[in-house]
Every structure is written in structure tokens, then in C-alpha cells.
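J.: See input-v8.cif below, with mmCIF, N, CA and C atoms and all ligand atoms.
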```cif
data_start
loop_
_atom_site.label_atom_id
_atom_site.label_comp_id
_atom_site.auth_asym_id
_atom_site.auth_seq_id
_atom_site.Cartn_x
_atom_site.Cartn_y
_atom_site.Cartn_z
N MET A 1 6.02 19.86 51.76
CA MET A 1 4.96 20.41 50.90
C MET A 1 5.26 21.87 50.57
N LYS A 2 5.81 22.59 51.56
CA LYS A 2 6.11 24.01 51.31
C LYS A 2 7.10 24.14 50.15
N LYS A 3 8.04 23.26 50.14
CA LYS A 3 9.07 23.31 49.09
C LYS A 3 8.45 23.10 47.72
N LEU A 4 7.47 22.19 47.69
CA LEU A 4 6.79 21.92 46.41
C LEU A 4 6.10 23.17 45.89
N GLY A 5 5.46 23.90 46.85
CA GLY A 5 4.75 25.14 46.49
C GLY A 5 5.70 26.13 45.84
N ALA A 6 6.90 26.21 46.35
CA ALA A 6 7.88 27.13 45.79
C ALA A 6 8.32 26.71 44.40
N LEU A 7 8.17 25.45 44.12
CA LEU A 7 8.59 24.95 42.80
C LEU A 7 7.62 25.36 41.70
N VAL A 8 6.34 25.62 42.09
CA VAL A 8 5.33 25.90 41.07
C VAL A 8 5.71 27.11 40.20
N PRO A 9 6.03 28.27 40.83
CA PRO A 9 6.39 29.41 39.96
C PRO A 9 7.62 29.12 39.10
N ILE A 10 8.56 28.38 39.67
CA ILE A 10 9.77 28.05 38.90
C ILE A 10 9.38 27.19 37.70
N ALA A 11 8.51 26.22 37.96
CA ALA A 11 8.06 25.34 36.88
C ALA A 11 7.36 26.16 35.80
N LEU A 12 6.52 27.13 36.24
CA LEU A 12 5.80 27.95 35.26
C LEU A 12 6.76 28.74 34.39
N VAL A 13 7.79 29.30 35.06
CA VAL A 13 8.77 30.10 34.32
C VAL A 13 9.45 29.25 33.26
N LEU A 14 9.67 27.98 33.60
CA LEU A 14 10.36 27.10 32.63
C LEU A 14 9.40 26.54 31.58
N ILE A 15 8.19 26.17 32.03
CA ILE A 15 7.30 25.43 31.13
C ILE A 15 6.58 26.35 30.14
N VAL A 16 6.15 27.52 30.61
CA VAL A 16 5.37 28.38 29.71
C VAL A 16 6.17 28.77 28.46
N PRO A 17 7.41 29.26 28.64
CA PRO A 17 8.16 29.58 27.40
C PRO A 17 8.41 28.35 26.54
N ALA A 18 8.60 27.19 27.18
CA ALA A 18 8.83 25.97 26.41
C ALA A 18 7.59 25.64 25.58
N ALA A 19 6.41 25.84 26.19
CA ALA A 19 5.17 25.55 25.47
C ALA A 19 5.00 26.52 24.31
N ILE A 20 5.33 27.79 24.55
CA ILE A 20 5.19 28.79 23.47
C ILE A 20 6.18 28.45 22.35
N TRP A 21 7.40 28.13 22.75
CA TRP A 21 8.41 27.77 21.76
C TRP A 21 7.94 26.55 20.95
N GLY A 22 7.36 25.57 21.70
CA GLY A 22 6.87 24.36 21.06
C GLY A 22 5.81 24.66 20.03
N SER A 23 4.91 25.60 20.35
CA SER A 23 3.84 25.88 19.40
C SER A 23 4.39 26.60 18.17
N TYR A 24 5.47 27.37 18.36
CA TYR A 24 6.10 27.99 17.19
C TYR A 24 6.74 26.93 16.30
N ALA A 25 7.38 25.97 16.98
CA ALA A 25 8.06 24.92 16.22
C ALA A 25 7.04 24.09 15.45
N MET A 26 5.80 23.98 16.01
CA MET A 26 4.76 23.20 15.34
C MET A 26 4.20 23.94 14.14
N ALA A 27 4.01 25.27 14.32
CA ALA A 27 3.45 26.05 13.22
C ALA A 27 4.42 25.94 12.06
N ALA A 28 3.90 25.50 10.94
CA ALA A 28 4.82 25.24 9.84
C ALA A 28 4.22 25.76 8.56
N ASP A 29 4.98 25.70 7.51
CA ASP A 29 4.38 25.92 6.21
C ASP A 29 4.52 24.63 5.41
N ALA A 30 3.97 24.64 4.21
CA ALA A 30 3.91 23.41 3.42
C ALA A 30 5.30 22.85 3.16
N TYR A 31 6.25 23.73 2.85
CA TYR A 31 7.59 23.24 2.52
C TYR A 31 8.25 22.59 3.73
N GLN A 32 8.08 23.24 4.90
CA GLN A 32 8.66 22.67 6.13
C GLN A 32 8.06 21.30 6.44
N MET A 33 6.74 21.18 6.20
CA MET A 33 6.10 19.89 6.47
C MET A 33 6.59 18.84 5.49
N GLN A 34 6.72 19.23 4.24
CA GLN A 34 7.25 18.29 3.24
C GLN A 34 8.64 17.81 3.68
N GLN A 35 9.48 18.74 4.09
CA GLN A 35 10.84 18.38 4.52
C GLN A 35 10.82 17.45 5.73
N ALA A 36 9.90 17.70 6.64
CA ALA A 36 9.82 16.85 7.84
C ALA A 36 9.43 15.42 7.44
N TYR A 37 8.49 15.29 6.51
CA TYR A 37 8.09 13.95 6.05
C TYR A 37 9.22 13.30 5.24
N GLU A 38 9.94 14.09 4.47
CA GLU A 38 11.08 13.55 3.70
C GLU A 38 12.12 12.98 4.66
N LYS A 39 12.35 13.73 5.73
CA LYS A 39 13.33 13.30 6.71
C LYS A 39 12.90 11.98 7.36
N GLN A 40 11.62 11.93 7.71
CA GLN A 40 11.07 10.69 8.30
C GLN A 40 11.25 9.52 7.35
N ALA A 41 11.03 9.78 6.06
CA ALA A 41 11.06 8.71 5.06
C ALA A 41 12.48 8.38 4.61
N GLY A 42 13.40 9.33 4.81
CA GLY A 42 14.76 9.15 4.31
C GLY A 42 14.79 9.17 2.79
N GLN A 43 13.88 9.94 2.19
CA GLN A 43 13.73 9.98 0.73
C GLN A 43 13.27 11.37 0.31
N THR A 44 13.56 11.73 -0.92
CA THR A 44 13.13 13.03 -1.43
C THR A 44 11.76 12.89 -2.10
N ALA A 45 10.91 13.89 -1.88
CA ALA A 45 9.56 13.86 -2.46
C ALA A 45 9.61 14.05 -3.96
N ASN A 46 8.55 13.57 -4.62
CA ASN A 46 8.46 13.70 -6.06
C ASN A 46 7.02 14.13 -6.38
N SER A 47 6.89 15.32 -6.96
CA SER A 47 5.55 15.90 -7.16
C SER A 47 4.73 15.12 -8.19
N GLN A 48 5.41 14.52 -9.17
CA GLN A 48 4.67 13.74 -10.18
C GLN A 48 4.11 12.47 -9.57
N ARG A 49 4.93 11.84 -8.72
CA ARG A 49 4.45 10.66 -8.01
C ARG A 49 3.27 11.07 -7.12
N GLY A 50 3.37 12.27 -6.54
CA GLY A 50 2.29 12.79 -5.70
C GLY A 50 1.01 12.98 -6.49
N GLN A 51 1.14 13.47 -7.71
CA GLN A 51 -0.05 13.68 -8.55
C GLN A 51 -0.73 12.36 -8.88
N VAL A 52 0.07 11.35 -9.24
CA VAL A 52 -0.49 10.03 -9.55
C VAL A 52 -1.19 9.47 -8.32
N PHE A 53 -0.50 9.55 -7.19
CA PHE A 53 -1.06 9.05 -5.93
C PHE A 53 -2.40 9.73 -5.63
N PHE A 54 -2.45 11.02 -5.86
CA PHE A 54 -3.61 11.84 -5.52
C PHE A 54 -4.82 11.54 -6.41
N THR A 55 -4.55 11.22 -7.66
CA THR A 55 -5.66 11.11 -8.62
C THR A 55 -6.12 9.67 -8.86
N LYS A 56 -5.29 8.68 -8.49
CA LYS A 56 -5.74 7.30 -8.75
C LYS A 56 -6.43 6.70 -7.52
N THR A 57 -7.17 5.61 -7.76
CA THR A 57 -7.77 4.91 -6.63
C THR A 57 -6.77 3.88 -6.11
N HIS A 58 -7.00 3.43 -4.90
CA HIS A 58 -6.06 2.50 -4.27
C HIS A 58 -6.81 1.27 -3.77
N GLY A 59 -7.55 0.67 -4.67
CA GLY A 59 -8.27 -0.55 -4.31
C GLY A 59 -9.71 -0.31 -3.87
N GLY A 60 -10.04 0.93 -3.52
CA GLY A 60 -11.41 1.25 -3.13
C GLY A 60 -12.10 2.08 -4.20
N ASP A 61 -13.22 2.68 -3.85
CA ASP A 61 -13.97 3.47 -4.84
C ASP A 61 -13.42 4.89 -4.97
N TRP A 62 -12.77 5.38 -3.91
CA TRP A 62 -12.39 6.79 -3.88
C TRP A 62 -10.91 7.01 -4.15
N SER A 63 -10.63 8.14 -4.75
CA SER A 63 -9.26 8.67 -4.78
C SER A 63 -9.29 9.95 -3.95
N CYS A 64 -8.13 10.56 -3.76
CA CYS A 64 -8.10 11.85 -3.06
C CYS A 64 -8.90 12.87 -3.88
N ALA A 65 -8.81 12.74 -5.20
CA ALA A 65 -9.47 13.69 -6.09
C ALA A 65 -11.00 13.57 -6.04
N THR A 66 -11.52 12.46 -5.53
CA THR A 66 -12.97 12.30 -5.44
C THR A 66 -13.58 13.46 -4.66
N CYS A 67 -12.95 13.85 -3.58
CA CYS A 67 -13.47 14.96 -2.78
C CYS A 67 -12.75 16.28 -3.08
N HIS A 68 -11.46 16.18 -3.40
CA HIS A 68 -10.66 17.40 -3.55
C HIS A 68 -10.57 17.86 -4.99
N THR A 69 -11.11 17.10 -5.95
CA THR A 69 -10.96 17.27 -7.39
C THR A 69 -9.49 17.05 -7.77
N ALA A 70 -9.25 16.85 -9.05
CA ALA A 70 -7.88 16.61 -9.51
C ALA A 70 -7.12 17.93 -9.61
N LYS A 71 -7.83 19.04 -9.38
CA LYS A 71 -7.24 20.37 -9.50
C LYS A 71 -7.25 21.02 -8.12
N PRO A 72 -6.17 20.92 -7.38
CA PRO A 72 -6.20 21.36 -5.98
C PRO A 72 -6.29 22.88 -5.78
N THR A 73 -6.47 23.61 -6.88
CA THR A 73 -6.61 25.07 -6.77
C THR A 73 -8.07 25.47 -6.65
N VAL A 74 -8.97 24.51 -6.84
CA VAL A 74 -10.40 24.85 -6.81
C VAL A 74 -11.07 24.25 -5.57
N THR A 75 -12.27 24.70 -5.29
CA THR A 75 -13.03 24.20 -4.16
C THR A 75 -13.55 22.80 -4.47
N GLY A 76 -13.28 21.88 -3.56
CA GLY A 76 -13.76 20.51 -3.74
C GLY A 76 -15.13 20.33 -3.13
N LYS A 77 -15.57 19.09 -3.11
CA LYS A 77 -16.89 18.79 -2.56
C LYS A 77 -16.86 17.39 -1.94
N HIS A 78 -17.22 17.32 -0.68
CA HIS A 78 -17.25 16.02 0.00
C HIS A 78 -18.26 15.12 -0.72
N THR A 79 -17.79 13.94 -1.11
CA THR A 79 -18.62 13.09 -1.95
C THR A 79 -19.85 12.56 -1.23
N ILE A 80 -19.85 12.54 0.09
CA ILE A 80 -21.02 12.05 0.83
C ILE A 80 -21.89 13.20 1.32
N THR A 81 -21.26 14.16 2.01
CA THR A 81 -22.06 15.23 2.62
C THR A 81 -22.37 16.35 1.62
N GLY A 82 -21.61 16.43 0.54
CA GLY A 82 -21.80 17.51 -0.42
C GLY A 82 -21.22 18.83 0.03
N ARG A 83 -20.60 18.83 1.22
CA ARG A 83 -20.03 20.08 1.75
C ARG A 83 -18.83 20.54 0.93
N PRO A 84 -18.72 21.85 0.69
CA PRO A 84 -17.55 22.35 -0.04
C PRO A 84 -16.27 22.19 0.78
N ILE A 85 -15.17 21.94 0.11
CA ILE A 85 -13.86 21.82 0.75
C ILE A 85 -12.93 22.83 0.08
N ASP A 86 -12.40 23.72 0.87
CA ASP A 86 -11.50 24.75 0.32
C ASP A 86 -10.30 24.12 -0.38
N PRO A 87 -9.71 24.85 -1.34
CA PRO A 87 -8.58 24.30 -2.09
C PRO A 87 -7.46 23.79 -1.19
N LEU A 88 -6.78 22.75 -1.65
CA LEU A 88 -5.68 22.17 -0.88
C LEU A 88 -4.34 22.81 -1.21
N ALA A 89 -4.23 23.39 -2.40
CA ALA A 89 -2.94 23.98 -2.79
C ALA A 89 -2.63 25.16 -1.87
N PRO A 90 -1.47 25.12 -1.20
CA PRO A 90 -1.18 26.15 -0.21
C PRO A 90 -1.11 27.57 -0.80
N SER A 91 -0.80 27.69 -2.09
CA SER A 91 -0.75 29.05 -2.65
C SER A 91 -2.16 29.59 -2.92
N PHE A 92 -3.17 28.72 -2.82
CA PHE A 92 -4.54 29.17 -3.00
C PHE A 92 -5.32 29.15 -1.69
N ASN A 93 -4.68 28.71 -0.63
CA ASN A 93 -5.34 28.61 0.66
C ASN A 93 -4.26 28.65 1.74
N LYS A 94 -4.15 29.82 2.37
CA LYS A 94 -3.06 30.04 3.34
C LYS A 94 -3.15 29.15 4.57
N GLU A 95 -4.34 28.67 4.87
CA GLU A 95 -4.52 27.83 6.05
C GLU A 95 -3.85 26.46 5.90
N ARG A 96 -3.68 26.05 4.67
CA ARG A 96 -3.18 24.69 4.44
C ARG A 96 -1.78 24.50 4.97
N PHE A 97 -1.57 23.37 5.62
CA PHE A 97 -0.26 22.97 6.13
C PHE A 97 0.34 24.02 7.07
N SER A 98 -0.54 24.71 7.81
CA SER A 98 -0.04 25.67 8.78
C SER A 98 -0.12 25.07 10.18
N SER A 99 -0.78 23.96 10.33
CA SER A 99 -0.86 23.30 11.63
C SER A 99 -0.61 21.81 11.47
N GLU A 100 0.46 21.37 12.11
CA GLU A 100 0.84 19.95 12.02
C GLU A 100 -0.30 19.05 12.51
N ARG A 101 -0.96 19.51 13.57
CA ARG A 101 -2.02 18.70 14.17
C ARG A 101 -3.17 18.50 13.17
N GLN A 102 -3.57 19.60 12.56
CA GLN A 102 -4.64 19.60 11.56
C GLN A 102 -4.27 18.69 10.38
N THR A 103 -3.08 18.89 9.87
CA THR A 103 -2.63 18.14 8.69
C THR A 103 -2.59 16.64 9.00
N GLU A 104 -2.02 16.30 10.15
CA GLU A 104 -1.91 14.89 10.52
C GLU A 104 -3.30 14.26 10.68
N LYS A 105 -4.20 15.04 11.29
CA LYS A 105 -5.55 14.54 11.52
C LYS A 105 -6.23 14.19 10.20
N TRP A 106 -6.11 15.08 9.23
CA TRP A 106 -6.82 14.86 7.95
C TRP A 106 -6.12 13.81 7.09
N PHE A 107 -4.80 13.79 7.13
CA PHE A 107 -4.09 12.72 6.41
C PHE A 107 -4.55 11.37 6.96
N ARG A 108 -4.58 11.26 8.28
CA ARG A 108 -4.94 9.98 8.90
C ARG A 108 -6.34 9.56 8.43
N ARG A 109 -7.28 10.48 8.57
CA ARG A 109 -8.67 10.16 8.24
C ARG A 109 -8.84 9.86 6.74
N ASN A 110 -8.31 10.73 5.91
CA ASN A 110 -8.51 10.61 4.47
C ASN A 110 -7.78 9.41 3.90
N CYS A 111 -6.58 9.15 4.39
CA CYS A 111 -5.83 8.00 3.88
C CYS A 111 -6.56 6.71 4.24
N LYS A 112 -7.11 6.65 5.45
CA LYS A 112 -7.85 5.43 5.82
C LYS A 112 -9.05 5.24 4.91
N ASP A 113 -9.72 6.33 4.56
CA ASP A 113 -10.89 6.24 3.67
C ASP A 113 -10.50 5.77 2.27
N VAL A 114 -9.34 6.21 1.80
CA VAL A 114 -8.96 5.95 0.41
C VAL A 114 -8.10 4.68 0.28
N LEU A 115 -7.18 4.47 1.23
CA LEU A 115 -6.23 3.35 1.12
C LEU A 115 -6.48 2.23 2.11
N GLN A 116 -7.44 2.43 2.99
CA GLN A 116 -7.70 1.47 4.07
C GLN A 116 -6.46 1.28 4.95
N ARG A 117 -5.61 2.30 4.98
CA ARG A 117 -4.46 2.32 5.89
C ARG A 117 -3.97 3.77 5.97
N GLU A 118 -3.03 4.03 6.88
CA GLU A 118 -2.48 5.38 6.93
C GLU A 118 -1.49 5.58 5.79
N CYS A 119 -1.30 6.82 5.40
CA CYS A 119 -0.31 7.11 4.36
C CYS A 119 1.08 7.01 4.97
N THR A 120 2.06 6.63 4.16
CA THR A 120 3.44 6.62 4.64
C THR A 120 3.99 8.04 4.57
N ALA A 121 5.13 8.24 5.21
CA ALA A 121 5.74 9.57 5.22
C ALA A 121 6.06 10.04 3.80
N ILE A 122 6.54 9.13 2.95
CA ILE A 122 6.91 9.57 1.60
C ILE A 122 5.66 9.88 0.77
N GLU A 123 4.57 9.15 1.02
CA GLU A 123 3.31 9.48 0.32
C GLU A 123 2.84 10.88 0.71
N LYS A 124 2.96 11.20 1.98
CA LYS A 124 2.54 12.53 2.43
C LYS A 124 3.44 13.61 1.84
N ALA A 125 4.74 13.34 1.83
CA ALA A 125 5.69 14.30 1.25
C ALA A 125 5.40 14.51 -0.23
N ASP A 126 5.13 13.42 -0.95
CA ASP A 126 4.82 13.51 -2.38
C ASP A 126 3.57 14.35 -2.63
N VAL A 127 2.53 14.12 -1.83
CA VAL A 127 1.28 14.87 -2.00
C VAL A 127 1.54 16.36 -1.77
N ILE A 128 2.28 16.69 -0.73
CA ILE A 128 2.55 18.11 -0.47
C ILE A 128 3.38 18.70 -1.60
N ALA A 129 4.36 17.94 -2.09
CA ALA A 129 5.19 18.43 -3.20
C ALA A 129 4.30 18.71 -4.42
N PHE A 130 3.35 17.81 -4.68
CA PHE A 130 2.41 18.01 -5.79
C PHE A 130 1.57 19.27 -5.55
N LEU A 131 1.04 19.43 -4.34
CA LEU A 131 0.17 20.58 -4.05
C LEU A 131 0.94 21.90 -4.10
N ARG A 132 2.26 21.82 -3.89
CA ARG A 132 3.09 23.03 -3.93
C ARG A 132 3.45 23.45 -5.36
N THR A 133 3.12 22.61 -6.36
CA THR A 133 3.47 22.98 -7.72
C THR A 133 2.50 24.02 -8.28
N PHE A 134 1.41 24.29 -7.58
CA PHE A 134 0.42 25.25 -8.11
C PHE A 134 0.69 26.66 -7.65
C1 LIG A 201 -14.46 11.62 1.43
C2 LIG A 201 -13.87 12.90 1.07
C3 LIG A 201 -12.36 13.05 1.09
C4 LIG A 201 -11.44 12.24 0.47
C5 LIG A 201 -11.68 11.02 -0.37
C6 LIG A 201 -10.14 12.83 0.78
N1 LIG A 201 -10.28 13.95 1.54
FE1 LIG A 201 -8.81 15.14 2.23
N2 LIG A 201 -10.15 16.29 3.25
C7 LIG A 201 -11.51 16.07 3.27
C8 LIG A 201 -12.13 16.98 4.20
C9 LIG A 201 -13.61 17.07 4.52
C10 LIG A 201 -11.08 17.76 4.74
C11 LIG A 201 -11.19 18.81 5.82
C12 LIG A 201 -11.84 20.07 5.41
C13 LIG A 201 -10.86 21.11 5.05
O1 LIG A 201 -9.73 21.11 5.54
O2 LIG A 201 -11.24 22.00 4.26
C14 LIG A 201 -9.86 17.31 4.09
C15 LIG A 201 -8.62 17.86 4.33
C16 LIG A 201 -7.46 17.41 3.75
C17 LIG A 201 -6.16 18.02 3.95
C18 LIG A 201 -5.94 19.29 4.71
C19 LIG A 201 -4.82 19.35 5.68
C20 LIG A 201 -4.52 20.76 6.12
O3 LIG A 201 -3.41 20.93 6.63
O4 LIG A 201 -5.33 21.68 5.96
C21 LIG A 201 -5.25 17.26 3.24
C22 LIG A 201 -3.76 17.47 3.12
C23 LIG A 201 -5.99 16.21 2.60
N3 LIG A 201 -7.32 16.32 2.92
C24 LIG A 201 -5.40 15.25 1.80
C25 LIG A 201 -6.08 14.19 1.26
C26 LIG A 201 -5.44 13.09 0.57
C27 LIG A 201 -3.95 12.94 0.36
C28 LIG A 201 -6.43 12.24 0.17
C29 LIG A 201 -6.26 10.92 -0.52
C30 LIG A 201 -5.45 9.91 0.15
C31 LIG A 201 -7.71 12.84 0.60
N4 LIG A 201 -7.45 14.00 1.27
C32 LIG A 201 -8.95 12.28 0.36
C33 LIG A 201 -12.20 15.14 2.51
C34 LIG A 201 -11.63 14.12 1.77
#
```
What's the C-alpha cells form of this structure?
T.:
Amino acid sequence: MKKLGALVPIALVLIVPAAIWGSYAMAADAYQMQQAYEKQAGQTANSQRGQVFFTKTHGGDWSCATCHTAKPTVTGKHTITGRPIDPLAPSFNKERFSSERQTEKWFRRNCKDVLQRECTAIEKADVIAFLRTF
């Protein structure tokens, strides 16, 4: 047991910097996230395809634009709660695509609402490419 106790500070010395490094690696910008999704998909994003994807419906009543508007530079409005949603275009909102966790969470939720499934990596890359055109 004594030996284990001695391992704790060693573990801390190794783990803490790794965790800090990890959080830096996670912090991203829109382009880095687009590239990561492109890599996952093995395909290059297309902003026009992203625009079509964003503005059309996918079998349900809602499109992405229902809440975010078709103009991602303006404040959207949640179609149910009426709550304002800050612009999605990263050049109009610095918070966008700065946290992988946040982005993944909202893609998951929003895609399920609109497509009744999760978005694929290339769909996510296309949407980001579209949002980066502003
Ligand atoms: C029912 C309303 C609604 C619909 C439909 C919707 N969203 Fe959202 N979306 C939200 C809300 C609410 C947030 C979180 C609030 C915020 O970030 O300002 C959000 C956040 C996001 C984010 C922010 C991620 C980040 O990193 O900040 C992205 C990207 C996004 N939505 C994409 C989409 C896409 C793509 C679709 C279509 C498949 C879509 N949304 C459809 C309501 C919606």
C-alpha cells in the first residue's frame, strides 16, 4: 500500500499535463472541426451541399433553418420555446465551434429533431463549410 501512495504524485505529474494538453487539443475552431469531420468521412466538405442540407426539410416538419433561419448571420428563434438563438456563423459568433463537446451535443440533438437520426460526418462538415462562407 505504501508503494501505491508514492505512485499518486507521480500519476498526478503525468496525468495533469495530459489533461491540460487534451483540453487544448479539444478546443478548436470551425475550420479545424470541419477538417476533423472531413477526415472521419474520408470526403471533402461542400458548402453548397451544406446550404441545401441546412435549408431543406428531411421528411419532418423542421429544417435547420426553422430555428436558425436560412441566414446564419442573424439571431434565430427556437420554434417551440421562442427563445433567441445566437448566430451560427462563426465569423458572427466567436463561441461557435470552439468546443467539440458543445458542438457534438447540439448536432446530436438538432439532427435527431430534424432528420430523426444523427447527422453523418460529411453532413456536419458540409454544414460547417456553409456556415464558414459568411
Ligand atoms: C428546434 C430548434 C432547432 C432546430 C430545428 C435546429 N437547431 Fe441547432 N440549435 C438549437 C439550439 C436551441 C441550440 C443551442 C443554443 C445555442 O447554441 O445558441 C442550437 C445549436 C446549434 C449549433 C451550435 C454548436 C456550437 O458549437 O455552438 C449547431 C452547429 C447547430 N445548432 C446546428 C443545427 C443543424 C445542422 C440543424 C439541422 C439539422 C439544427 N441545428 C436544427 C435549436 C435548433
J.: Work out how far atom CA of A:Ser47 is from atom C of A:Arg83, in Å to one decimal.
T.: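 Distance reported for this atom pair: 26.1 Å.
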J.: Taking only N, CA and C atoms and all ligand atoms into account, which residues are within 8 Å of ligand LIG 201 (chain A), as a PyMOL selection string?
T.: chain A and resi 53-55+61-68+77-81+83-88+94-115+119+123-124+127-128
J.: In Å, rounded to a single decimal, give me how far atom CA of A:Gly50 is from atom CA of A:Ala36.
T.: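 A separation of 16.0 Å between them.
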J.: Run DSSP on the backbone and grab whatever in stretch 10-108 of chain A lands in helix (DSSP H, G or I); send it over as a PyMOL selection string.
T.: chain A and resi 10-26+30-41+47-55+64-68+100-108
J.: Those same residues, written as a compact mmCIF listing (two decimals), in the frame of the given file with N, CA and C atoms?
T.:
```txt
# COMPACT_ATOMS: atom_id res chain seq x y z
N ILE A 10 8.56 28.38 39.67
CA ILE A 10 9.77 28.05 38.90
C ILE A 10 9.38 27.19 37.70
N ALA A 11 8.51 26.22 37.96
CA ALA A 11 8.06 25.34 36.88
C ALA A 11 7.36 26.16 35.80
N LEU A 12 6.52 27.13 36.24
CA LEU A 12 5.80 27.95 35.26
C LEU A 12 6.76 28.74 34.39
N VAL A 13 7.79 29.30 35.06
CA VAL A 13 8.77 30.10 34.32
C VAL A 13 9.45 29.25 33.26
N LEU A 14 9.67 27.98 33.60
CA LEU A 14 10.36 27.10 32.63
C LEU A 14 9.40 26.54 31.58
N ILE A 15 8.19 26.17 32.03
CA ILE A 15 7.30 25.43 31.13
C ILE A 15 6.58 26.35 30.14
N VAL A 16 6.15 27.52 30.61
CA VAL A 16 5.37 28.38 29.71
C VAL A 16 6.17 28.77 28.46
N PRO A 17 7.41 29.26 28.64
CA PRO A 17 8.16 29.58 27.40
C PRO A 17 8.41 28.35 26.54
N ALA A 18 8.60 27.19 27.18
CA ALA A 18 8.83 25.97 26.41
C ALA A 18 7.59 25.64 25.58
N ALA A 19 6.41 25.84 26.19
CA ALA A 19 5.17 25.55 25.47
C ALA A 19 5.00 26.52 24.31
N ILE A 20 5.33 27.79 24.55
CA ILE A 20 5.19 28.79 23.47
C ILE A 20 6.18 28.45 22.35
N TRP A 21 7.40 28.13 22.75
CA TRP A 21 8.41 27.77 21.76
C TRP A 21 7.94 26.55 20.95
N GLY A 22 7.36 25.57 21.70
CA GLY A 22 6.87 24.36 21.06
C GLY A 22 5.81 24.66 20.03
N SER A 23 4.91 25.60 20.35
CA SER A 23 3.84 25.88 19.40
C SER A 23 4.39 26.60 18.17
N TYR A 24 5.47 27.37 18.36
CA TYR A 24 6.10 27.99 17.19
C TYR A 24 6.74 26.93 16.30
N ALA A 25 7.38 25.97 16.98
CA ALA A 25 8.06 24.92 16.22
C ALA A 25 7.04 24.09 15.45
N MET A 26 5.80 23.98 16.01
CA MET A 26 4.76 23.20 15.34
C MET A 26 4.20 23.94 14.14
N ALA A 30 3.97 24.64 4.21
CA ALA A 30 3.91 23.41 3.42
C ALA A 30 5.30 22.85 3.16
N TYR A 31 6.25 23.73 2.85
CA TYR A 31 7.59 23.24 2.52
C TYR A 31 8.25 22.59 3.73
N GLN A 32 8.08 23.24 4.90
CA GLN A 32 8.66 22.67 6.13
C GLN A 32 8.06 21.30 6.44
N MET A 33 6.74 21.18 6.20
CA MET A 33 6.10 19.89 6.47
C MET A 33 6.59 18.84 5.49
N GLN A 34 6.72 19.23 4.24
CA GLN A 34 7.25 18.29 3.24
C GLN A 34 8.64 17.81 3.68
N GLN A 35 9.48 18.74 4.09
CA GLN A 35 10.84 18.38 4.52
C GLN A 35 10.82 17.45 5.73
N ALA A 36 9.90 17.70 6.64
CA ALA A 36 9.82 16.85 7.84
C ALA A 36 9.43 15.42 7.44
N TYR A 37 8.49 15.29 6.51
CA TYR A 37 8.09 13.95 6.05
C TYR A 37 9.22 13.30 5.24
N GLU A 38 9.94 14.09 4.47
CA GLU A 38 11.08 13.55 3.70
C GLU A 38 12.12 12.98 4.66
N LYS A 39 12.35 13.73 5.73
CA LYS A 39 13.33 13.30 6.71
C LYS A 39 12.90 11.98 7.36
N GLN A 40 11.62 11.93 7.71
CA GLN A 40 11.07 10.69 8.30
C GLN A 40 11.25 9.52 7.35
N ALA A 41 11.03 9.78 6.06
CA ALA A 41 11.06 8.71 5.06
C ALA A 41 12.48 8.38 4.61
N SER A 47 6.89 15.32 -6.96
CA SER A 47 5.55 15.90 -7.16
C SER A 47 4.73 15.12 -8.19
N GLN A 48 5.41 14.52 -9.17
CA GLN A 48 4.67 13.74 -10.18
C GLN A 48 4.11 12.47 -9.57
N ARG A 49 4.93 11.84 -8.72
CA ARG A 49 4.45 10.66 -8.01
C ARG A 49 3.27 11.07 -7.12
N GLY A 50 3.37 12.27 -6.54
CA GLY A 50 2.29 12.79 -5.70
C GLY A 50 1.01 12.98 -6.49
N GLN A 51 1.14 13.47 -7.71
CA GLN A 51 -0.05 13.68 -8.55
C GLN A 51 -0.73 12.36 -8.88
N VAL A 52 0.07 11.35 -9.24
CA VAL A 52 -0.49 10.03 -9.55
C VAL A 52 -1.19 9.47 -8.32
N PHE A 53 -0.50 9.55 -7.19
CA PHE A 53 -1.06 9.05 -5.93
C PHE A 53 -2.40 9.73 -5.63
N PHE A 54 -2.45 11.02 -5.86
CA PHE A 54 -3.61 11.84 -5.52
C PHE A 54 -4.82 11.54 -6.41
N THR A 55 -4.55 11.22 -7.66
CA THR A 55 -5.66 11.11 -8.62
C THR A 55 -6.12 9.67 -8.86
N CYS A 64 -8.13 10.56 -3.76
CA CYS A 64 -8.10 11.85 -3.06
C CYS A 64 -8.90 12.87 -3.88
N ALA A 65 -8.81 12.74 -5.20
CA ALA A 65 -9.47 13.69 -6.09
C ALA A 65 -11.00 13.57 -6.04
N THR A 66 -11.52 12.46 -5.53
CA THR A 66 -12.97 12.30 -5.44
C THR A 66 -13.58 13.46 -4.66
N CYS A 67 -12.95 13.85 -3.58
CA CYS A 67 -13.47 14.96 -2.78
C CYS A 67 -12.75 16.28 -3.08
N HIS A 68 -11.46 16.18 -3.40
CA HIS A 68 -10.66 17.40 -3.55
C HIS A 68 -10.57 17.86 -4.99
N GLU A 100 0.46 21.37 12.11
CA GLU A 100 0.84 19.95 12.02
C GLU A 100 -0.30 19.05 12.51
N ARG A 101 -0.96 19.51 13.57
CA ARG A 101 -2.02 18.70 14.17
C ARG A 101 -3.17 18.50 13.17
N GLN A 102 -3.57 19.60 12.56
CA GLN A 102 -4.64 19.60 11.56
C GLN A 102 -4.27 18.69 10.38
N THR A 103 -3.08 18.89 9.87
CA THR A 103 -2.63 18.14 8.69
C THR A 103 -2.59 16.64 9.00
N GLU A 104 -2.02 16.30 10.15
CA GLU A 104 -1.91 14.89 10.52
C GLU A 104 -3.30 14.26 10.68
N LYS A 105 -4.20 15.04 11.29
CA LYS A 105 -5.55 14.54 11.52
C LYS A 105 -6.23 14.19 10.20
N TRP A 106 -6.11 15.08 9.23
CA TRP A 106 -6.82 14.86 7.95
C TRP A 106 -6.12 13.81 7.09
N PHE A 107 -4.80 13.79 7.13
CA PHE A 107 -4.09 12.72 6.41
C PHE A 107 -4.55 11.37 6.96
N ARG A 108 -4.58 11.26 8.28
CA ARG A 108 -4.94 9.98 8.90
C ARG A 108 -6.34 9.56 8.43
```
J.: Go ahead and compute the interatomic distance for atom CA of A:Thr69 and atom CA of A:Thr133, in Å to one decimal.
T.: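 These atoms are spaced 15.5 Å apart.
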J.: Pick out the closest residue to A:Val74 from this set: A:Thr57, A:Leu131, A:Ala89, A:Gln35. Count only N, CA and C atoms.
T.: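 Once distances to A:Val74 are computed over only N, CA and C atoms, the minimum belongs to A:Ala89.
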J.: Would you mind telling me which residue in A:Gly60, A:Pro90, A:Gly76, A:Gly82 lies nearest to A:Arg132 when using only N, CA and C atoms?
T.: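 Answer, going by the shortest atom-to-atom distance: A:Pro90.
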J.: Emit as JSON the padded axis-aligned box for all listed atoms of stretch 54-65 of chain A, 8 Å per side, with centre and edge lengths in Å to one decimal.
T.:
```
{"center_x": -8.2, "center_y": 6.6, "center_z": -6.0, "size_x": 27.5, "size_y": 30.2, "size_z": 21.8}
```
J.: Which of stretch 2-132 of chain A counts as strand (DSSP E or B) under DSSP, as a list in words please?
T.: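 Matching residues for strand (DSSP E or B) in stretch 2-132 of chain A are Ala27, Gly76, Lys77, Pro84, Ile85 and Ser99 of chain A.
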